[in-house]
Amino acid sequence: MKTKTYLTINELIDYIKSKGIVVSNEEETKEILKQNNYYVIMGYKDLFIKDNKYKDNVSFDNIYSLYKFDRELKMLFLNTLLDVENIIKNAIVNQFCSTYGFKEDNYLNKDNYNMTHTYLPKIMGIFKQQIEEKKKTM
């Protein structure tokens, strides 16, 4: 395995160009590389390689755009997953409190966490209902 050495931003740009990747705006690329990890961005390069070399006219902007798209897609999923997590936690808390109470002793009683309790199917029903409602607003 080839040993990696530290490269300055300018050296990274020269290295990118040496690979046959077009750098259309060096100043903009410098700013991107100051704010983002080169190796993370270049992790998206594989779609632009054919027969172990970069396809014609591949630019750093192409690779960076794919990186940005993936990051934005992750954020969309993250926001939705956070909503789902909140719905699940709220359903659990509401069912638990309506079944066992809301005082500290109720939360600390290990017998209240037995998987055979009837509040678990209720939680799943609430969860399914919340998902259906959320689908209508999407």
# chains A, B, ... in the order shown; residues from 1 in each chain; ligands from 1
$ residues_around --residues "range 44-50 of chain A" --least-positions-apart "4" --cutoff "9 Å" --atoms "only C-alpha atoms" --output "list in words"
Val40, Tyr54, Lys55, Asp56, Val58, Asn62, Ile63, Tyr64, Leu66 and Tyr67 of chain A
$ select_by_dssp --residues "chain A" --states "strand (DSSP E)" --output "list of chain:residue names"
A:Ile49, A:Lys50, A:Lys53, A:Tyr54
$ residues_around --residues "Asn112 in chain A" --least-positions-apart "5" --cutoff "10 Å" --atoms "only C-alpha atoms" --output "list of chain:residue names"
A:Phe96, A:Thr99, A:Tyr100, A:Asn106, A:Tyr107, A:His117
$ closest_residue --among "A:Asn37, A:Leu120, A:Asp105, A:Leu76" --to "Ile92 in chain A" --atoms "only C-alpha atoms"
A:Leu120
$ select_by_dssp --residues "range 55-128 of chain A" --states "alpha helix (DSSP H)" --output "compact mmCIF listing (two decimals) with all heavy atoms, in the first residue's frame"
# COMPACT_ATOMS: atom_id res chain seq x y z
N PHE A 60 -13.41 18.22 -10.82
CA PHE A 60 -13.52 18.19 -9.36
C PHE A 60 -14.93 18.61 -8.96
O PHE A 60 -15.50 18.06 -8.02
CB PHE A 60 -12.47 19.10 -8.72
CG PHE A 60 -12.53 19.10 -7.23
CD1 PHE A 60 -11.99 18.06 -6.49
CD2 PHE A 60 -13.14 20.14 -6.55
CE1 PHE A 60 -12.07 18.05 -5.10
CE2 PHE A 60 -13.22 20.15 -5.17
CZ PHE A 60 -12.67 19.10 -4.44
N ASP A 61 -15.49 19.54 -9.71
CA ASP A 61 -16.86 20.00 -9.44
C ASP A 61 -17.87 18.85 -9.55
O ASP A 61 -18.82 18.79 -8.77
CB ASP A 61 -17.27 21.12 -10.39
CG ASP A 61 -16.49 22.41 -10.14
OD1 ASP A 61 -15.96 22.58 -9.03
OD2 ASP A 61 -16.41 23.23 -11.07
N ASN A 62 -17.66 17.94 -10.52
CA ASN A 62 -18.55 16.77 -10.65
C ASN A 62 -18.51 15.91 -9.38
O ASN A 62 -19.55 15.52 -8.86
CB ASN A 62 -18.14 15.88 -11.83
CG ASN A 62 -18.25 16.54 -13.18
OD1 ASN A 62 -17.37 16.35 -14.02
ND2 ASN A 62 -19.29 17.31 -13.43
N ILE A 63 -17.30 15.65 -8.92
CA ILE A 63 -17.13 14.79 -7.74
C ILE A 63 -17.68 15.49 -6.50
O ILE A 63 -18.40 14.89 -5.70
CB ILE A 63 -15.65 14.40 -7.57
CG1 ILE A 63 -15.17 13.61 -8.79
CG2 ILE A 63 -15.44 13.59 -6.29
CD1 ILE A 63 -13.66 13.42 -8.88
N TYR A 64 -17.36 16.76 -6.37
CA TYR A 64 -17.83 17.53 -5.21
C TYR A 64 -19.36 17.64 -5.22
O TYR A 64 -19.99 17.57 -4.17
CB TYR A 64 -17.18 18.91 -5.19
CG TYR A 64 -17.59 19.74 -4.00
CD1 TYR A 64 -17.30 19.32 -2.70
CD2 TYR A 64 -18.28 20.93 -4.16
CE1 TYR A 64 -17.67 20.08 -1.60
CE2 TYR A 64 -18.65 21.70 -3.07
CZ TYR A 64 -18.35 21.27 -1.80
OH TYR A 64 -18.74 22.02 -0.71
N SER A 65 -19.96 17.79 -6.38
CA SER A 65 -21.42 17.87 -6.48
C SER A 65 -22.07 16.57 -6.00
O SER A 65 -23.10 16.61 -5.33
CB SER A 65 -21.86 18.17 -7.92
OG SER A 65 -21.49 19.46 -8.28
N LEU A 66 -21.48 15.45 -6.35
CA LEU A 66 -22.01 14.17 -5.88
C LEU A 66 -21.88 14.06 -4.37
O LEU A 66 -22.82 13.62 -3.69
CB LEU A 66 -21.28 13.01 -6.58
CG LEU A 66 -21.77 11.61 -6.24
CD1 LEU A 66 -23.26 11.43 -6.57
CD2 LEU A 66 -20.93 10.57 -6.98
N TYR A 67 -20.76 14.49 -3.84
CA TYR A 67 -20.55 14.53 -2.38
C TYR A 67 -21.62 15.39 -1.70
O TYR A 67 -22.23 14.98 -0.72
CB TYR A 67 -19.14 15.05 -2.09
CG TYR A 67 -18.94 15.56 -0.68
CD1 TYR A 67 -18.75 14.68 0.38
CD2 TYR A 67 -18.93 16.93 -0.42
CE1 TYR A 67 -18.56 15.16 1.67
CE2 TYR A 67 -18.74 17.41 0.86
CZ TYR A 67 -18.56 16.52 1.90
OH TYR A 67 -18.38 16.99 3.19
N LYS A 68 -21.87 16.59 -2.25
CA LYS A 68 -22.88 17.49 -1.67
C LYS A 68 -24.28 16.89 -1.77
O LYS A 68 -25.06 16.99 -0.82
CB LYS A 68 -22.87 18.85 -2.37
CG LYS A 68 -21.71 19.72 -1.99
CD LYS A 68 -21.85 21.16 -2.45
CE LYS A 68 -22.41 21.33 -3.81
NZ LYS A 68 -22.45 22.70 -4.31
N PHE A 69 -24.59 16.27 -2.90
CA PHE A 69 -25.90 15.64 -3.08
C PHE A 69 -26.10 14.55 -2.01
O PHE A 69 -27.15 14.48 -1.37
CB PHE A 69 -26.02 15.03 -4.47
CG PHE A 69 -27.24 14.17 -4.65
CD1 PHE A 69 -28.49 14.73 -4.82
CD2 PHE A 69 -27.13 12.78 -4.61
CE1 PHE A 69 -29.63 13.94 -4.96
CE2 PHE A 69 -28.25 11.98 -4.75
CZ PHE A 69 -29.50 12.55 -4.92
N ASP A 70 -25.09 13.72 -1.81
CA ASP A 70 -25.19 12.65 -0.82
C ASP A 70 -25.37 13.22 0.58
O ASP A 70 -26.17 12.72 1.37
CB ASP A 70 -23.95 11.76 -0.88
CG ASP A 70 -24.04 10.57 0.06
OD1 ASP A 70 -25.04 9.81 -0.04
OD2 ASP A 70 -23.14 10.39 0.88
N ARG A 71 -24.66 14.28 0.89
CA ARG A 71 -24.77 14.91 2.20
C ARG A 71 -26.17 15.48 2.42
O ARG A 71 -26.76 15.32 3.49
CB ARG A 71 -23.71 16.00 2.32
CG ARG A 71 -23.31 16.25 3.75
CD ARG A 71 -22.11 17.13 3.82
NE ARG A 71 -22.58 18.51 3.66
CZ ARG A 71 -21.79 19.55 3.55
NH1 ARG A 71 -20.51 19.41 3.54
NH2 ARG A 71 -22.30 20.74 3.44
N GLU A 72 -26.72 16.12 1.40
CA GLU A 72 -28.07 16.68 1.51
C GLU A 72 -29.12 15.58 1.63
O GLU A 72 -30.09 15.71 2.39
CB GLU A 72 -28.37 17.59 0.32
CG GLU A 72 -27.56 18.88 0.36
CD GLU A 72 -27.69 19.71 -0.90
OE1 GLU A 72 -28.64 19.51 -1.67
OE2 GLU A 72 -26.82 20.59 -1.10
N LEU A 73 -28.93 14.50 0.91
CA LEU A 73 -29.83 13.35 1.00
C LEU A 73 -29.81 12.75 2.42
O LEU A 73 -30.84 12.43 2.99
CB LEU A 73 -29.45 12.29 -0.03
CG LEU A 73 -30.39 11.12 -0.22
CD1 LEU A 73 -31.77 11.58 -0.66
CD2 LEU A 73 -29.81 10.15 -1.25
N LYS A 74 -28.61 12.65 2.98
CA LYS A 74 -28.48 12.15 4.36
C LYS A 74 -29.23 13.05 5.34
O LYS A 74 -29.87 12.57 6.27
CB LYS A 74 -27.01 12.06 4.77
CG LYS A 74 -26.27 10.91 4.14
CD LYS A 74 -24.80 10.95 4.52
CE LYS A 74 -24.03 9.88 3.80
NZ LYS A 74 -22.59 9.95 4.04
N MET A 75 -29.15 14.36 5.11
CA MET A 75 -29.84 15.30 6.00
C MET A 75 -31.35 15.16 5.89
O MET A 75 -32.06 15.26 6.90
CB MET A 75 -29.41 16.74 5.72
CG MET A 75 -27.96 17.03 6.09
SD MET A 75 -27.51 16.56 7.78
CE MET A 75 -28.50 17.68 8.73
N LEU A 76 -31.85 14.90 4.69
CA LEU A 76 -33.29 14.67 4.52
C LEU A 76 -33.73 13.44 5.31
O LEU A 76 -34.75 13.46 5.99
CB LEU A 76 -33.64 14.49 3.05
CG LEU A 76 -33.64 15.74 2.19
CD1 LEU A 76 -33.82 15.37 0.72
CD2 LEU A 76 -34.73 16.71 2.63
N PHE A 77 -32.96 12.37 5.18
CA PHE A 77 -33.28 11.15 5.92
C PHE A 77 -33.14 11.37 7.42
O PHE A 77 -33.97 10.89 8.20
CB PHE A 77 -32.37 9.98 5.49
CG PHE A 77 -32.81 9.32 4.23
CD1 PHE A 77 -32.05 9.44 3.08
CD2 PHE A 77 -33.99 8.59 4.17
CE1 PHE A 77 -32.44 8.83 1.90
CE2 PHE A 77 -34.39 7.98 3.00
CZ PHE A 77 -33.62 8.09 1.86
N LEU A 78 -32.12 12.10 7.82
CA LEU A 78 -31.90 12.34 9.24
C LEU A 78 -33.10 13.07 9.85
O LEU A 78 -33.60 12.70 10.91
CB LEU A 78 -30.62 13.15 9.47
CG LEU A 78 -30.33 13.52 10.92
CD1 LEU A 78 -30.14 12.28 11.79
CD2 LEU A 78 -29.12 14.42 11.00
N ASN A 79 -33.58 14.10 9.17
CA ASN A 79 -34.73 14.85 9.68
C ASN A 79 -35.95 13.95 9.83
O ASN A 79 -36.66 14.02 10.84
CB ASN A 79 -35.05 16.04 8.78
CG ASN A 79 -34.04 17.15 8.95
OD1 ASN A 79 -33.42 17.30 9.99
ND2 ASN A 79 -33.85 17.93 7.90
N THR A 80 -36.19 13.09 8.85
CA THR A 80 -37.32 12.17 8.92
C THR A 80 -37.12 11.16 10.04
O THR A 80 -38.05 10.88 10.80
CB THR A 80 -37.51 11.46 7.56
OG1 THR A 80 -37.73 12.45 6.57
CG2 THR A 80 -38.70 10.52 7.61
N LEU A 81 -35.91 10.63 10.16
CA LEU A 81 -35.63 9.66 11.22
C LEU A 81 -35.77 10.28 12.61
O LEU A 81 -36.25 9.63 13.54
CB LEU A 81 -34.24 9.07 11.05
CG LEU A 81 -34.08 8.09 9.89
CD1 LEU A 81 -32.63 7.72 9.68
CD2 LEU A 81 -34.93 6.85 10.11
N LEU A 82 -35.39 11.55 12.74
CA LEU A 82 -35.57 12.23 14.03
C LEU A 82 -37.05 12.39 14.36
O LEU A 82 -37.46 12.26 15.52
CB LEU A 82 -34.86 13.58 14.02
CG LEU A 82 -33.33 13.52 14.03
CD1 LEU A 82 -32.74 14.92 13.84
CD2 LEU A 82 -32.80 12.87 15.28
N ASP A 83 -37.87 12.67 13.34
CA ASP A 83 -39.31 12.74 13.55
C ASP A 83 -39.86 11.38 14.01
O ASP A 83 -40.66 11.30 14.95
CB ASP A 83 -40.05 13.16 12.27
CG ASP A 83 -39.87 14.63 11.95
OD1 ASP A 83 -39.44 15.39 12.84
OD2 ASP A 83 -40.17 15.01 10.80
N VAL A 84 -39.44 10.32 13.34
CA VAL A 84 -39.89 8.97 13.69
C VAL A 84 -39.44 8.62 15.10
O VAL A 84 -40.23 8.08 15.91
CB VAL A 84 -39.37 7.93 12.67
CG1 VAL A 84 -39.62 6.50 13.15
CG2 VAL A 84 -40.02 8.16 11.31
N GLU A 85 -38.20 8.92 15.44
CA GLU A 85 -37.69 8.65 16.78
C GLU A 85 -38.54 9.38 17.83
O GLU A 85 -38.91 8.80 18.86
CB GLU A 85 -36.24 9.09 16.90
CG GLU A 85 -35.68 8.90 18.31
CD GLU A 85 -34.34 9.57 18.52
OE1 GLU A 85 -33.99 10.50 17.76
OE2 GLU A 85 -33.65 9.16 19.46
N ASN A 86 -38.87 10.62 17.56
CA ASN A 86 -39.67 11.40 18.50
C ASN A 86 -41.06 10.80 18.68
O ASN A 86 -41.58 10.72 19.79
CB ASN A 86 -39.76 12.85 18.03
CG ASN A 86 -40.31 13.76 19.09
OD1 ASN A 86 -39.87 13.72 20.23
ND2 ASN A 86 -41.29 14.56 18.71
N ILE A 87 -41.67 10.35 17.57
CA ILE A 87 -42.99 9.72 17.64
C ILE A 87 -42.94 8.46 18.49
O ILE A 87 -43.80 8.23 19.34
CB ILE A 87 -43.51 9.42 16.22
CG1 ILE A 87 -43.86 10.73 15.49
CG2 ILE A 87 -44.71 8.48 16.26
CD1 ILE A 87 -44.08 10.55 14.00
N ILE A 88 -41.91 7.63 18.27
CA ILE A 88 -41.78 6.38 19.02
C ILE A 88 -41.58 6.67 20.50
O ILE A 88 -42.26 6.08 21.36
CB ILE A 88 -40.61 5.53 18.48
CG1 ILE A 88 -40.94 5.02 17.09
CG2 ILE A 88 -40.29 4.36 19.41
CD1 ILE A 88 -39.75 4.38 16.37
N LYS A 89 -40.65 7.58 20.83
CA LYS A 89 -40.40 7.90 22.23
C LYS A 89 -41.65 8.45 22.91
O LYS A 89 -41.97 8.09 24.04
CB LYS A 89 -39.24 8.90 22.37
CG LYS A 89 -37.89 8.30 22.06
CD LYS A 89 -36.73 9.19 22.45
CE LYS A 89 -36.73 10.52 21.80
NZ LYS A 89 -35.50 11.30 22.02
N ASN A 90 -42.36 9.32 22.21
CA ASN A 90 -43.57 9.91 22.77
C ASN A 90 -44.64 8.85 23.01
O ASN A 90 -45.32 8.86 24.05
CB ASN A 90 -44.07 11.01 21.83
CG ASN A 90 -44.76 12.12 22.57
OD1 ASN A 90 -44.50 12.32 23.75
ND2 ASN A 90 -45.63 12.82 21.88
N ALA A 91 -44.80 7.93 22.06
CA ALA A 91 -45.78 6.85 22.21
C ALA A 91 -45.43 5.97 23.41
O ALA A 91 -46.31 5.60 24.19
CB ALA A 91 -45.87 6.02 20.94
N ILE A 92 -44.15 5.66 23.55
CA ILE A 92 -43.72 4.82 24.69
C ILE A 92 -43.98 5.53 26.01
O ILE A 92 -44.54 4.95 26.94
CB ILE A 92 -42.23 4.44 24.54
CG1 ILE A 92 -42.05 3.47 23.36
CG2 ILE A 92 -41.68 3.83 25.82
CD1 ILE A 92 -40.61 3.22 22.97
N VAL A 93 -43.58 6.78 26.10
CA VAL A 93 -43.76 7.54 27.34
C VAL A 93 -45.24 7.66 27.69
O VAL A 93 -45.64 7.43 28.84
CB VAL A 93 -43.10 8.94 27.24
CG1 VAL A 93 -43.54 9.84 28.37
CG2 VAL A 93 -41.59 8.81 27.22
N ASN A 94 -46.06 8.01 26.70
CA ASN A 94 -47.49 8.18 26.98
C ASN A 94 -48.14 6.87 27.43
O ASN A 94 -48.93 6.86 28.38
CB ASN A 94 -48.21 8.73 25.75
CG ASN A 94 -47.93 10.21 25.56
OD1 ASN A 94 -47.74 10.94 26.52
ND2 ASN A 94 -47.88 10.64 24.32
N GLN A 95 -47.83 5.78 26.75
CA GLN A 95 -48.41 4.49 27.15
C GLN A 95 -47.89 4.03 28.50
O GLN A 95 -48.64 3.52 29.33
CB GLN A 95 -48.14 3.42 26.09
CG GLN A 95 -49.12 3.43 24.96
CD GLN A 95 -50.55 3.26 25.44
OE1 GLN A 95 -50.89 2.30 26.12
NE2 GLN A 95 -51.40 4.21 25.10
N PHE A 96 -46.60 4.19 28.72
CA PHE A 96 -46.01 3.79 29.99
C PHE A 96 -46.66 4.57 31.13
O PHE A 96 -47.09 3.98 32.13
CB PHE A 96 -44.50 4.03 29.98
CG PHE A 96 -43.81 3.56 31.23
CD1 PHE A 96 -43.28 2.28 31.29
CD2 PHE A 96 -43.70 4.38 32.34
CE1 PHE A 96 -42.65 1.83 32.45
CE2 PHE A 96 -43.08 3.95 33.50
CZ PHE A 96 -42.56 2.66 33.56
N CYS A 97 -46.74 5.88 30.98
CA CYS A 97 -47.30 6.72 32.05
C CYS A 97 -48.78 6.45 32.28
O CYS A 97 -49.24 6.45 33.42
CB CYS A 97 -47.08 8.20 31.74
SG CYS A 97 -45.35 8.69 31.89
N SER A 98 -49.54 6.19 31.21
CA SER A 98 -50.96 5.90 31.40
C SER A 98 -51.17 4.53 32.04
O SER A 98 -52.18 4.30 32.69
CB SER A 98 -51.72 6.01 30.07
OG SER A 98 -51.35 4.97 29.20
N THR A 99 -50.20 3.63 31.86
CA THR A 99 -50.31 2.29 32.44
C THR A 99 -49.75 2.25 33.86
O THR A 99 -50.36 1.65 34.75
CB THR A 99 -49.56 1.26 31.57
OG1 THR A 99 -50.07 1.32 30.24
CG2 THR A 99 -49.71 -0.15 32.11
N TYR A 100 -48.59 2.86 34.11
CA TYR A 100 -47.89 2.72 35.39
C TYR A 100 -47.78 4.00 36.20
O TYR A 100 -47.37 3.97 37.35
CB TYR A 100 -46.48 2.18 35.16
CG TYR A 100 -46.49 0.83 34.51
CD1 TYR A 100 -46.10 0.68 33.19
CD2 TYR A 100 -46.90 -0.30 35.21
CE1 TYR A 100 -46.12 -0.55 32.57
CE2 TYR A 100 -46.92 -1.54 34.60
CZ TYR A 100 -46.54 -1.66 33.29
OH TYR A 100 -46.57 -2.89 32.69
N GLU A 104 -41.19 8.94 39.62
CA GLU A 104 -39.87 8.32 39.49
C GLU A 104 -39.89 6.85 39.86
O GLU A 104 -39.26 6.02 39.19
CB GLU A 104 -38.86 9.08 40.37
CG GLU A 104 -37.44 8.57 40.22
CD GLU A 104 -36.44 9.37 41.04
OE1 GLU A 104 -36.79 10.43 41.59
OE2 GLU A 104 -35.29 8.92 41.13
N ASP A 105 -40.64 6.49 40.90
CA ASP A 105 -40.71 5.08 41.32
C ASP A 105 -41.27 4.20 40.20
O ASP A 105 -40.88 3.04 40.05
CB ASP A 105 -41.58 4.93 42.57
CG ASP A 105 -40.92 5.49 43.82
OD1 ASP A 105 -39.69 5.73 43.78
OD2 ASP A 105 -41.63 5.68 44.82
N ASN A 106 -42.20 4.74 39.42
CA ASN A 106 -42.77 3.97 38.31
C ASN A 106 -41.72 3.67 37.25
O ASN A 106 -41.67 2.57 36.71
CB ASN A 106 -43.94 4.72 37.68
CG ASN A 106 -45.01 5.08 38.70
OD1 ASN A 106 -45.28 6.25 38.90
ND2 ASN A 106 -45.59 4.10 39.36
N TYR A 107 -40.88 4.66 36.95
CA TYR A 107 -39.82 4.47 35.96
C TYR A 107 -38.74 3.51 36.47
O TYR A 107 -38.14 2.78 35.70
CB TYR A 107 -39.14 5.80 35.61
CG TYR A 107 -39.95 6.67 34.69
CD1 TYR A 107 -40.58 7.82 35.17
CD2 TYR A 107 -40.05 6.37 33.35
CE1 TYR A 107 -41.32 8.63 34.33
CE2 TYR A 107 -40.79 7.17 32.49
CZ TYR A 107 -41.41 8.30 32.99
OH TYR A 107 -42.13 9.09 32.15
N LEU A 108 -38.48 3.54 37.77
CA LEU A 108 -37.39 2.73 38.33
C LEU A 108 -37.80 1.30 38.67
O LEU A 108 -36.94 0.48 38.96
CB LEU A 108 -36.83 3.42 39.58
CG LEU A 108 -36.17 4.77 39.34
CD1 LEU A 108 -35.75 5.41 40.66
CD2 LEU A 108 -34.99 4.64 38.39
N TYR A 119 -49.07 -2.86 27.21
CA TYR A 119 -48.91 -1.54 26.61
C TYR A 119 -48.06 -1.58 25.34
O TYR A 119 -48.13 -0.68 24.51
CB TYR A 119 -48.36 -0.51 27.61
CG TYR A 119 -46.91 -0.66 28.00
CD1 TYR A 119 -45.92 0.00 27.29
CD2 TYR A 119 -46.54 -1.42 29.09
CE1 TYR A 119 -44.59 -0.12 27.64
CE2 TYR A 119 -45.21 -1.54 29.45
CZ TYR A 119 -44.24 -0.89 28.72
OH TYR A 119 -42.92 -1.01 29.08
N LEU A 120 -47.25 -2.63 25.15
CA LEU A 120 -46.41 -2.71 23.95
C LEU A 120 -47.22 -2.80 22.66
O LEU A 120 -46.95 -2.05 21.71
CB LEU A 120 -45.41 -3.86 24.06
CG LEU A 120 -44.34 -3.66 25.14
CD1 LEU A 120 -43.48 -4.92 25.28
CD2 LEU A 120 -43.46 -2.47 24.83
N PRO A 121 -48.24 -3.66 22.56
CA PRO A 121 -49.06 -3.66 21.34
C PRO A 121 -49.77 -2.32 21.12
O PRO A 121 -49.95 -1.89 19.98
CB PRO A 121 -50.07 -4.79 21.57
CG PRO A 121 -49.42 -5.68 22.57
CD PRO A 121 -48.59 -4.78 23.44
N LYS A 122 -50.17 -1.65 22.20
CA LYS A 122 -50.80 -0.34 22.08
C LYS A 122 -49.82 0.66 21.46
O LYS A 122 -50.21 1.47 20.62
CB LYS A 122 -51.26 0.16 23.44
CG LYS A 122 -52.43 -0.60 24.01
CD LYS A 122 -52.79 -0.04 25.38
CE LYS A 122 -53.87 -0.88 26.05
NZ LYS A 122 -54.11 -0.43 27.43
N ILE A 123 -48.57 0.59 21.90
CA ILE A 123 -47.55 1.50 21.36
C ILE A 123 -47.39 1.28 19.86
O ILE A 123 -47.33 2.23 19.08
CB ILE A 123 -46.20 1.31 22.08
CG1 ILE A 123 -46.30 1.82 23.51
CG2 ILE A 123 -45.06 2.01 21.34
CD1 ILE A 123 -45.11 1.48 24.37
N MET A 124 -47.35 0.02 19.45
CA MET A 124 -47.19 -0.29 18.03
C MET A 124 -48.39 0.23 17.23
O MET A 124 -48.23 0.74 16.12
CB MET A 124 -47.00 -1.79 17.81
CG MET A 124 -45.67 -2.31 18.34
SD MET A 124 -44.23 -1.37 17.80
CE MET A 124 -44.25 -1.68 16.05
N GLY A 125 -49.57 0.13 17.79
CA GLY A 125 -50.76 0.66 17.12
C GLY A 125 -50.69 2.16 16.96
O GLY A 125 -51.01 2.70 15.90
N ILE A 126 -50.25 2.84 18.01
CA ILE A 126 -50.10 4.30 17.95
C ILE A 126 -49.04 4.66 16.91
O ILE A 126 -49.22 5.58 16.12
CB ILE A 126 -49.72 4.86 19.33
CG1 ILE A 126 -50.91 4.72 20.30
CG2 ILE A 126 -49.27 6.31 19.23
CD1 ILE A 126 -50.56 4.99 21.74
N PHE A 127 -47.97 3.91 16.93
CA PHE A 127 -46.88 4.16 15.98
C PHE A 127 -47.36 4.01 14.54
O PHE A 127 -47.11 4.87 13.70
CB PHE A 127 -45.71 3.23 16.28
CG PHE A 127 -44.53 3.40 15.36
CD1 PHE A 127 -43.94 4.65 15.20
CD2 PHE A 127 -44.00 2.33 14.67
CE1 PHE A 127 -42.86 4.81 14.35
CE2 PHE A 127 -42.93 2.49 13.83
CZ PHE A 127 -42.35 3.73 13.67
N LYS A 128 -48.08 2.96 14.25
CA LYS A 128 -48.61 2.74 12.90
C LYS A 128 -49.56 3.87 12.49
O LYS A 128 -49.53 4.35 11.36
CB LYS A 128 -49.31 1.39 12.81
CG LYS A 128 -48.35 0.21 12.81
CD LYS A 128 -49.09 -1.11 12.82
CE LYS A 128 -48.10 -2.26 12.93
NZ LYS A 128 -48.78 -3.55 13.08
$ closest_residue --among "A:Tyr38, A:Phe102, A:Glu28, A:Val23" --to "Leu7 in chain A" --atoms "only C-alpha atoms"
A:Tyr38
